[in-house]
>>> print(open('work22.pdb').read())   # PDB, C-alpha atoms, pLDDT in the B column
ATOM      1  CA  MET A1220      -6.454  57.749  -3.469  1.00 75.00           C
ATOM      2  CA  ALA A1221      -9.556  57.641  -5.625  1.00 82.00           C
ATOM      3  CA  ASP A1222      -9.250  56.852  -9.326  1.00 92.00           C
ATOM      4  CA  PHE A1223     -11.216  58.938 -11.855  1.00 96.00           C
ATOM      5  CA  ASP A1224     -11.554  56.243 -14.522  1.00 95.00           C
ATOM      6  CA  ARG A1225     -12.970  53.720 -12.048  1.00 93.00           C
ATOM      7  CA  ALA A1226     -15.251  56.378 -10.535  1.00 94.00           C
ATOM      8  CA  PHE A1227     -16.513  57.496 -13.946  1.00 95.00           C
ATOM      9  CA  SER A1228     -17.330  53.920 -14.966  1.00 93.00           C
ATOM     10  CA  ALA A1229     -19.360  53.483 -11.772  1.00 92.00           C
ATOM     11  CA  LEU A1230     -21.027  56.842 -12.303  1.00 91.00           C
ATOM     12  CA  VAL A1231     -22.180  55.897 -15.796  1.00 91.00           C
ATOM     13  CA  GLU A1232     -23.733  52.748 -14.326  1.00 87.00           C
ATOM     14  CA  ASN A1233     -25.744  55.014 -11.996  1.00 86.00           C
ATOM     15  CA  GLU A1234     -26.694  57.511 -14.667  1.00 83.00           C
ATOM     16  CA  GLY A1235     -27.515  55.302 -17.617  1.00 79.00           C
ATOM     17  CA  GLY A1236     -28.066  56.781 -21.052  1.00 86.00           C
ATOM     18  CA  TYR A1237     -30.543  59.262 -22.452  1.00 90.00           C
ATOM     19  CA  SER A1238     -33.323  60.790 -20.357  1.00 86.00           C
ATOM     20  CA  ASN A1239     -35.823  63.559 -20.922  1.00 88.00           C
ATOM     21  CA  ASN A1240     -38.217  63.280 -17.979  1.00 82.00           C
ATOM     22  CA  PRO A1241     -40.544  66.312 -17.774  1.00 83.00           C
ATOM     23  CA  ALA A1242     -40.430  66.103 -13.952  1.00 77.00           C
ATOM     24  CA  ASP A1243     -36.619  66.448 -13.933  1.00 78.00           C
ATOM     25  CA  PRO A1244     -35.541  70.074 -13.396  1.00 77.00           C
ATOM     26  CA  GLY A1245     -32.251  69.191 -15.133  1.00 79.00           C
ATOM     27  CA  GLY A1246     -34.120  68.558 -18.369  1.00 84.00           C
ATOM     28  CA  GLU A1247     -32.699  66.518 -21.207  1.00 90.00           C
ATOM     29  CA  THR A1248     -29.613  64.481 -20.253  1.00 89.00           C
ATOM     30  CA  MET A1249     -27.264  61.878 -21.663  1.00 93.00           C
ATOM     31  CA  TRP A1250     -24.894  59.985 -19.364  1.00 91.00           C
ATOM     32  CA  GLY A1251     -26.219  62.366 -16.692  1.00 86.00           C
ATOM     33  CA  VAL A1252     -24.886  65.450 -18.508  1.00 93.00           C
ATOM     34  CA  THR A1253     -27.574  68.088 -18.924  1.00 91.00           C
ATOM     35  CA  ALA A1254     -28.022  69.896 -22.220  1.00 93.00           C
ATOM     36  CA  ARG A1255     -27.111  73.194 -20.499  1.00 93.00           C
ATOM     37  CA  VAL A1256     -23.779  71.816 -19.264  1.00 93.00           C
ATOM     38  CA  ALA A1257     -23.018  70.094 -22.580  1.00 96.00           C
ATOM     39  CA  ARG A1258     -23.669  73.342 -24.478  1.00 96.00           C
ATOM     40  CA  SER A1259     -21.465  75.294 -22.058  1.00 95.00           C
ATOM     41  CA  HIS A1260     -18.660  72.903 -23.047  1.00 96.00           C
ATOM     42  CA  GLY A1261     -19.205  73.529 -26.748  1.00 96.00           C
ATOM     43  CA  TYR A1262     -21.251  70.441 -27.599  1.00 96.00           C
ATOM     44  CA  THR A1263     -23.825  71.341 -30.260  1.00 96.00           C
ATOM     45  CA  GLY A1264     -25.182  67.968 -31.338  1.00 95.00           C
ATOM     46  CA  SER A1265     -28.228  66.019 -30.273  1.00 95.00           C
ATOM     47  CA  MET A1266     -28.151  65.037 -26.610  1.00 95.00           C
ATOM     48  CA  LYS A1267     -29.129  61.500 -27.623  1.00 95.00           C
ATOM     49  CA  GLU A1268     -25.831  61.341 -29.537  1.00 96.00           C
ATOM     50  CA  LEU A1269     -23.541  62.849 -26.850  1.00 96.00           C
ATOM     51  CA  PRO A1270     -20.377  60.737 -26.993  1.00 96.00           C
ATOM     52  CA  LEU A1271     -19.308  59.062 -23.774  1.00 95.00           C
ATOM     53  CA  SER A1272     -15.864  60.632 -24.262  1.00 96.00           C
ATOM     54  CA  VAL A1273     -17.417  64.124 -24.140  1.00 96.00           C
ATOM     55  CA  ALA A1274     -19.390  63.205 -21.015  1.00 96.00           C
ATOM     56  CA  ARG A1275     -16.158  61.912 -19.462  1.00 97.00           C
ATOM     57  CA  ALA A1276     -14.302  65.168 -20.144  1.00 97.00           C
ATOM     58  CA  ILE A1277     -17.205  67.201 -18.754  1.00 97.00           C
ATOM     59  CA  ALA A1278     -17.439  64.985 -15.662  1.00 96.00           C
ATOM     60  CA  LYS A1279     -13.749  65.436 -14.898  1.00 97.00           C
ATOM     61  CA  ALA A1280     -13.748  69.211 -15.393  1.00 97.00           C
ATOM     62  CA  GLU A1281     -17.118  70.025 -13.822  1.00 96.00           C
ATOM     63  CA  TYR A1282     -17.353  67.535 -10.971  1.00 96.00           C
ATOM     64  CA  TRP A1283     -14.258  65.399 -10.242  1.00 97.00           C
ATOM     65  CA  ASP A1284     -11.639  68.143 -10.234  1.00 97.00           C
ATOM     66  CA  PRO A1285     -13.707  70.664  -8.192  1.00 97.00           C
ATOM     67  CA  VAL A1286     -14.362  68.087  -5.431  1.00 97.00           C
ATOM     68  CA  LYS A1287     -10.676  67.162  -5.485  1.00 97.00           C
ATOM     69  CA  GLY A1288     -11.495  63.537  -6.247  1.00 96.00           C
ATOM     70  CA  ASP A1289      -7.818  62.669  -6.770  1.00 95.00           C
ATOM     71  CA  GLN A1290      -7.094  63.751  -3.178  1.00 96.00           C
ATOM     72  CA  LEU A1291      -9.901  61.771  -1.555  1.00 97.00           C
ATOM     73  CA  PRO A1292      -9.447  58.186  -0.377  1.00 95.00           C
ATOM     74  CA  GLU A1293     -11.191  55.216  -1.946  1.00 91.00           C
ATOM     75  CA  PRO A1294     -14.119  54.706  -1.699  1.00 90.00           C
ATOM     76  CA  LEU A1295     -15.004  58.225  -0.553  1.00 95.00           C
ATOM     77  CA  GLY A1296     -13.872  59.892  -3.777  1.00 96.00           C
ATOM     78  CA  PHE A1297     -16.530  58.124  -5.799  1.00 96.00           C
ATOM     79  CA  GLN A1298     -19.266  58.976  -3.286  1.00 96.00           C
ATOM     80  CA  VAL A1299     -18.462  62.692  -3.395  1.00 98.00           C
ATOM     81  CA  PHE A1300     -18.118  62.648  -7.191  1.00 97.00           C
ATOM     82  CA  ASP A1301     -21.483  60.907  -7.540  1.00 96.00           C
ATOM     83  CA  GLY A1302     -23.069  63.412  -5.164  1.00 97.00           C
ATOM     84  CA  ALA A1303     -21.614  66.333  -7.110  1.00 96.00           C
ATOM     85  CA  TYR A1304     -22.873  64.897 -10.384  1.00 91.00           C
ATOM     86  CA  ASN A1305     -26.343  64.435  -8.922  1.00 89.00           C
ATOM     87  CA  SER A1306     -26.725  67.557  -6.735  1.00 93.00           C
ATOM     88  CA  GLY A1307     -23.920  69.956  -7.638  1.00 94.00           C
ATOM     89  CA  VAL A1308     -20.370  70.502  -6.441  1.00 97.00           C
ATOM     90  CA  ALA A1309     -21.202  72.926  -3.622  1.00 98.00           C
ATOM     91  CA  GLN A1310     -23.833  70.644  -2.094  1.00 98.00           C
ATOM     92  CA  ALA A1311     -21.665  67.537  -2.402  1.00 98.00           C
ATOM     93  CA  SER A1312     -18.811  69.451  -0.784  1.00 98.00           C
ATOM     94  CA  LYS A1313     -21.064  70.489   2.107  1.00 98.00           C
ATOM     95  CA  TRP A1314     -22.069  66.864   2.744  1.00 98.00           C
ATOM     96  CA  LEU A1315     -18.389  65.916   2.863  1.00 98.00           C
ATOM     97  CA  GLN A1316     -17.631  68.760   5.221  1.00 98.00           C
ATOM     98  CA  GLN A1317     -20.542  67.787   7.487  1.00 97.00           C
ATOM     99  CA  ALA A1318     -19.291  64.200   7.526  1.00 98.00           C
ATOM    100  CA  ALA A1319     -15.757  65.353   8.357  1.00 98.00           C
ATOM    101  CA  GLY A1320     -16.892  67.780  11.069  1.00 97.00           C
ATOM    102  CA  VAL A1321     -15.611  70.996   9.503  1.00 98.00           C
ATOM    103  CA  THR A1322     -17.366  74.197   8.475  1.00 97.00           C
ATOM    104  CA  ALA A1323     -19.705  73.376   5.605  1.00 97.00           C
ATOM    105  CA  ASP A1324     -18.952  76.245   3.231  1.00 97.00           C
ATOM    106  CA  GLY A1325     -19.192  74.187   0.024  1.00 97.00           C
ATOM    107  CA  VAL A1326     -15.533  74.577  -0.965  1.00 96.00           C
ATOM    108  CA  ILE A1327     -13.113  71.718  -0.380  1.00 97.00           C
ATOM    109  CA  GLY A1328      -9.854  73.194   0.804  1.00 96.00           C
ATOM    110  CA  PRO A1329      -6.940  72.292   3.100  1.00 97.00           C
ATOM    111  CA  ALA A1330      -9.045  72.103   6.298  1.00 97.00           C
ATOM    112  CA  THR A1331     -11.534  69.723   4.697  1.00 98.00           C
ATOM    113  CA  LEU A1332      -8.796  67.559   3.190  1.00 98.00           C
ATOM    114  CA  ALA A1333      -6.951  67.385   6.541  1.00 98.00           C
ATOM    115  CA  ALA A1334     -10.137  66.348   8.362  1.00 98.00           C
ATOM    116  CA  VAL A1335     -10.852  63.721   5.707  1.00 98.00           C
ATOM    117  CA  ALA A1336      -7.311  62.341   5.983  1.00 97.00           C
ATOM    118  CA  ALA A1337      -7.681  62.038   9.770  1.00 97.00           C
ATOM    119  CA  ALA A1338     -10.949  60.063   9.684  1.00 97.00           C
ATOM    120  CA  PRO A1339     -11.714  56.467   8.693  1.00 96.00           C
ATOM    121  CA  ALA A1340     -12.888  56.531   5.058  1.00 95.00           C
ATOM    122  CA  LEU A1341     -15.796  54.118   5.549  1.00 95.00           C
ATOM    123  CA  SER A1342     -17.098  56.162   8.469  1.00 96.00           C
ATOM    124  CA  LEU A1343     -17.053  59.232   6.228  1.00 97.00           C
ATOM    125  CA  VAL A1344     -18.856  57.286   3.489  1.00 97.00           C
ATOM    126  CA  ALA A1345     -21.641  56.391   5.926  1.00 97.00           C
ATOM    127  CA  LYS A1346     -21.956  59.932   7.306  1.00 97.00           C
ATOM    128  CA  TYR A1347     -21.761  61.416   3.810  1.00 98.00           C
ATOM    129  CA  ASN A1348     -24.565  59.252   2.456  1.00 97.00           C
ATOM    130  CA  ALA A1349     -26.723  59.852   5.535  1.00 97.00           C
ATOM    131  CA  ALA A1350     -26.430  63.619   4.987  1.00 97.00           C
ATOM    132  CA  ARG A1351     -27.158  63.138   1.297  1.00 97.00           C
ATOM    133  CA  LEU A1352     -30.305  61.088   1.919  1.00 97.00           C
ATOM    134  CA  LEU A1353     -31.614  63.525   4.535  1.00 97.00           C
ATOM    135  CA  PHE A1354     -31.129  66.396   2.075  1.00 97.00           C
ATOM    136  CA  LEU A1355     -32.721  64.609  -0.881  1.00 97.00           C
ATOM    137  CA  ALA A1356     -35.739  63.477   1.153  1.00 97.00           C
ATOM    138  CA  LYS A1357     -36.634  67.140   1.776  1.00 97.00           C
ATOM    139  CA  LEU A1358     -36.667  68.087  -1.920  1.00 95.00           C
ATOM    140  CA  PRO A1359     -40.022  68.682  -3.615  1.00 93.00           C
ATOM    141  CA  THR A1360     -38.946  66.258  -6.356  1.00 91.00           C
ATOM    142  CA  TRP A1361     -38.575  63.371  -3.858  1.00 94.00           C
ATOM    143  CA  PRO A1362     -41.978  61.870  -4.783  1.00 93.00           C
ATOM    144  CA  SER A1363     -40.845  61.587  -8.419  1.00 90.00           C
ATOM    145  CA  PHE A1364     -37.201  60.631  -7.950  1.00 90.00           C
ATOM    146  CA  GLY A1365     -36.777  59.494  -4.329  1.00 93.00           C
ATOM    147  CA  LYS A1366     -36.924  55.772  -5.003  1.00 94.00           C
ATOM    148  CA  GLY A1367     -34.253  56.088  -7.689  1.00 91.00           C
ATOM    149  CA  TRP A1368     -32.035  58.263  -5.477  1.00 93.00           C
ATOM    150  CA  ALA A1369     -32.398  55.864  -2.553  1.00 95.00           C
ATOM    151  CA  ASN A1370     -31.504  52.918  -4.807  1.00 94.00           C
ATOM    152  CA  ARG A1371     -28.539  54.850  -6.188  1.00 93.00           C
ATOM    153  CA  ILE A1372     -27.205  55.569  -2.714  1.00 96.00           C
ATOM    154  CA  ALA A1373     -27.816  51.974  -1.596  1.00 95.00           C
ATOM    155  CA  ASN A1374     -25.812  50.774  -4.613  1.00 92.00           C
ATOM    156  CA  ASN A1375     -23.067  53.269  -3.752  1.00 93.00           C
ATOM    157  CA  LEU A1376     -22.939  51.955  -0.184  1.00 94.00           C
ATOM    158  CA  GLN A1377     -22.693  48.382  -1.464  1.00 93.00           C
ATOM    159  CA  ARG A1378     -19.871  49.470  -3.777  1.00 91.00           C
ATOM    160  CA  ALA A1379     -18.050  51.064  -0.822  1.00 92.00           C
ATOM    161  CA  ALA A1380     -18.431  47.921   1.278  1.00 91.00           C
ATOM    162  CA  SER A1381     -16.996  45.613  -1.377  1.00 87.00           C
TER     163      SER A1381
END
>>> encode(input="work22.pdb", output="structure tokens")
Amino acid sequence: MADFDRAFSALVENEGGYSNNPADPGGETMWGVTARVARSHGYTGSMKELPLSVARAIAKAEYWDPVKGDQLPEPLGFQVFDGAYNSGVAQASKWLQQAAGVTADGVIGPATLAAVAAAPALSLVAKYNAARLLFLAKLPTWPSFGKGWANRIANNLQRAAS
């Protein structure tokens, strides 16, 4: 099964540190955590100073646990976690459900987990990332962020293959 600590380390590599790109609808972020999410978890300091430990706790509560990362096989767990972090839990869950061939309702439950368990993990990784890329390419922010998203997903695929 997927390991949160390993997945979070890989996620931080994807996210990097501080960002405040005016074209990013998420606004100011540190370690990929938006100011809105950090504030909802009680963080009141400067986003540039958000401790990695706080980002880790937020990532586990907001993204890893809701996508049931502990119940997903390696390397699929990281892919779904990264998708949730980047596009939200419901959307990441729908990509997983599409890949697994179950109803894409955005909530990972017993039917999704059973379908995932019955399929080859690397096949699901490929289908998951294909659905993710097709979705992202349709977003109005693709011209600003598409190259970075494509590189991120390519890196994720390389990680899954190694």
>>> resolve_selection(input="work22.pdb", expression="the PyMOL selection byres ((chain A and resi 1377) around 12)", output="PDB file with C-alpha atoms, in the frame of the given file")
ATOM      1  CA  ALA A1229     -19.360  53.483 -11.772  1.00 92.00           C
ATOM      2  CA  PRO A1294     -14.119  54.706  -1.699  1.00 90.00           C
ATOM      3  CA  GLN A1298     -19.266  58.976  -3.286  1.00 96.00           C
ATOM      4  CA  LEU A1341     -15.796  54.118   5.549  1.00 95.00           C
ATOM      5  CA  VAL A1344     -18.856  57.286   3.489  1.00 97.00           C
ATOM      6  CA  ALA A1345     -21.641  56.391   5.926  1.00 97.00           C
ATOM      7  CA  ASN A1348     -24.565  59.252   2.456  1.00 97.00           C
ATOM      8  CA  ASN A1370     -31.504  52.918  -4.807  1.00 94.00           C
ATOM      9  CA  ARG A1371     -28.539  54.850  -6.188  1.00 93.00           C
ATOM     10  CA  ILE A1372     -27.205  55.569  -2.714  1.00 96.00           C
ATOM     11  CA  ALA A1373     -27.816  51.974  -1.596  1.00 95.00           C
ATOM     12  CA  ASN A1374     -25.812  50.774  -4.613  1.00 92.00           C
ATOM     13  CA  ASN A1375     -23.067  53.269  -3.752  1.00 93.00           C
ATOM     14  CA  LEU A1376     -22.939  51.955  -0.184  1.00 94.00           C
ATOM     15  CA  ARG A1378     -19.871  49.470  -3.777  1.00 91.00           C
ATOM     16  CA  ALA A1379     -18.050  51.064  -0.822  1.00 92.00           C
ATOM     17  CA  ALA A1380     -18.431  47.921   1.278  1.00 91.00           C
ATOM     18  CA  SER A1381     -16.996  45.613  -1.377  1.00 87.00           C
TER      19      SER A1381
END
>>> closest_residue(input="work22.pdb", among="A:Leu1295, A:Ala1337, A:Ala1309, A:Ala1349", to="Ala1221 (chain A)", atoms="all atoms listed in the file")
A:Leu1295
>>> resolve_selection(input="work22.pdb", expression="the PyMOL selection byres ((chain A and resi 1296) around 10)", output="list in words")
Met1220, Ala1221, Asp1222, Phe1223, Ala1226, Trp1283, Val1286, Lys1287, Gly1288, Asp1289, Gln1290, Leu1291, Pro1292, Glu1293, Pro1294, Leu1295, Phe1297, Gln1298, Val1299, Phe1300, Asp1301, Gly1302, Ala1340 and Val1344 of chain A
>>> atom_distance(input="work22.pdb", atom1="CA of Pro1244 (chain A)", atom2="CA of Phe1354 (chain A)")
16.5 Å
>>> closest_residue(input="work22.pdb", among="A:Ala1319, A:Asn1239, A:Ser1272, A:Phe1364", to="Asp1224 (chain A)", atoms="all atoms listed in the file")
A:Ser1272
>>> residues_near_point(input="work22.pdb", point="(-29.7, 61.8, -20.2)", cutoff="8 Å", atoms="all atoms listed in the file", output="list in words")
Glu1234, Gly1235, Gly1236, Tyr1237, Ser1238, Asn1239, Glu1247, Thr1248, Met1249, Trp1250, Gly1251, Val1252, Thr1253, Met1266 and Lys1267 of chain A
>>> closest_residue(input="work22.pdb", among="A:Ser1306, A:Gly1328, A:Ala1334, A:Val1231", to="Leu1358 (chain A)", atoms="all atoms listed in the file")
A:Ser1306
>>> resolve_selection(input="work22.pdb", expression="the PyMOL selection byres ((chain A and resi 1310) around 12)", output="PyMOL selection string")
chain A and resi 1282+1285-1286+1299-1309+1311-1317+1323-1327+1347+1350-1351+1354-1355
>>> atom_distance(input="work22.pdb", atom1="CA of Thr1360 (chain A)", atom2="CA of Asp1284 (chain A)")
27.6 Å
>>> closest_residue(input="work22.pdb", among="A:Gly1264, A:Ala1333, A:Pro1339, A:Arg1275", to="Phe1227 (chain A)", atoms="all atoms listed in the file")
A:Arg1275
>>> atom_distance(input="work22.pdb", atom1="CA of Tyr1262 (chain A)", atom2="CA of Trp1368 (chain A)")
27.5 Å
>>> residues_near_point(input="work22.pdb", point="(-17.2, 73.8, -18.2)", cutoff="10 Å", atoms="all atoms listed in the file", output="list of chain:residue names")
A:Val1256, A:Ala1257, A:Arg1258, A:Ser1259, A:His1260, A:Gly1261, A:Ala1276, A:Ile1277, A:Ala1278, A:Lys1279, A:Ala1280, A:Glu1281, A:Tyr1282
>>> build_atoms(input="work22.pdb", residues="region 1302-1313 of chain A", atoms="all heavy atoms", output="compact mmCIF listing (two decimals), keeping the file's coordinate frame")
# COMPACT_ATOMS: atom_id res chain seq x y z
N GLY A 1302 -22.22 62.38 -5.76
CA GLY A 1302 -23.07 63.41 -5.16
C GLY A 1302 -22.99 64.72 -5.92
O GLY A 1302 -24.01 65.39 -6.12
N ALA A 1303 -21.79 65.09 -6.35
CA ALA A 1303 -21.61 66.33 -7.11
C ALA A 1303 -22.33 66.25 -8.45
O ALA A 1303 -22.98 67.21 -8.89
CB ALA A 1303 -20.12 66.61 -7.32
N TYR A 1304 -22.24 65.11 -9.08
CA TYR A 1304 -22.87 64.90 -10.38
C TYR A 1304 -24.38 64.99 -10.26
O TYR A 1304 -25.07 65.50 -11.13
CB TYR A 1304 -22.46 63.51 -10.90
CG TYR A 1304 -22.32 63.39 -12.40
CD1 TYR A 1304 -21.18 63.83 -13.02
CD2 TYR A 1304 -23.32 62.81 -13.16
CE1 TYR A 1304 -21.02 63.68 -14.39
CE2 TYR A 1304 -23.18 62.66 -14.53
CZ TYR A 1304 -22.02 63.10 -15.14
OH TYR A 1304 -21.87 62.96 -16.49
N ASN A 1305 -24.90 64.51 -9.14
CA ASN A 1305 -26.34 64.44 -8.92
C ASN A 1305 -26.93 65.71 -8.32
O ASN A 1305 -28.06 66.07 -8.64
CB ASN A 1305 -26.62 63.23 -8.02
CG ASN A 1305 -28.07 62.82 -7.94
OD1 ASN A 1305 -28.58 62.64 -6.86
ND2 ASN A 1305 -28.73 62.65 -9.06
N SER A 1306 -26.17 66.41 -7.46
CA SER A 1306 -26.72 67.56 -6.74
C SER A 1306 -25.87 68.82 -6.79
O SER A 1306 -26.21 69.80 -6.14
CB SER A 1306 -26.93 67.18 -5.26
OG SER A 1306 -27.88 66.16 -5.13
N GLY A 1307 -24.78 68.78 -7.52
CA GLY A 1307 -23.92 69.96 -7.64
C GLY A 1307 -22.71 69.88 -6.73
O GLY A 1307 -22.74 69.25 -5.67
N VAL A 1308 -21.65 70.53 -7.16
CA VAL A 1308 -20.37 70.50 -6.44
C VAL A 1308 -20.48 71.11 -5.05
O VAL A 1308 -19.99 70.54 -4.08
CB VAL A 1308 -19.27 71.21 -7.27
CG1 VAL A 1308 -18.02 71.46 -6.45
CG2 VAL A 1308 -18.95 70.40 -8.52
N ALA A 1309 -21.13 72.26 -4.93
CA ALA A 1309 -21.20 72.93 -3.62
C ALA A 1309 -21.94 72.05 -2.62
O ALA A 1309 -21.49 71.90 -1.47
CB ALA A 1309 -21.86 74.29 -3.75
N GLN A 1310 -23.07 71.47 -3.02
CA GLN A 1310 -23.83 70.64 -2.09
C GLN A 1310 -23.06 69.38 -1.72
O GLN A 1310 -23.02 69.00 -0.54
CB GLN A 1310 -25.19 70.28 -2.68
CG GLN A 1310 -26.09 69.56 -1.71
CD GLN A 1310 -26.34 70.37 -0.45
OE1 GLN A 1310 -26.87 71.47 -0.50
NE2 GLN A 1310 -25.93 69.84 0.69
N ALA A 1311 -22.45 68.74 -2.69
CA ALA A 1311 -21.66 67.54 -2.40
C ALA A 1311 -20.51 67.86 -1.46
O ALA A 1311 -20.18 67.08 -0.56
CB ALA A 1311 -21.14 66.93 -3.70
N SER A 1312 -19.91 69.02 -1.66
CA SER A 1312 -18.81 69.45 -0.78
C SER A 1312 -19.31 69.69 0.64
O SER A 1312 -18.63 69.34 1.61
CB SER A 1312 -18.16 70.72 -1.34
OG SER A 1312 -17.62 70.46 -2.62
N LYS A 1313 -20.49 70.26 0.77
CA LYS A 1313 -21.06 70.49 2.11
C LYS A 1313 -21.33 69.17 2.82
O LYS A 1313 -21.09 69.05 4.03
CB LYS A 1313 -22.35 71.31 2.00
CG LYS A 1313 -22.11 72.76 1.65
CD LYS A 1313 -23.41 73.51 1.48
CE LYS A 1313 -23.16 74.93 1.00
NZ LYS A 1313 -24.42 75.66 0.76
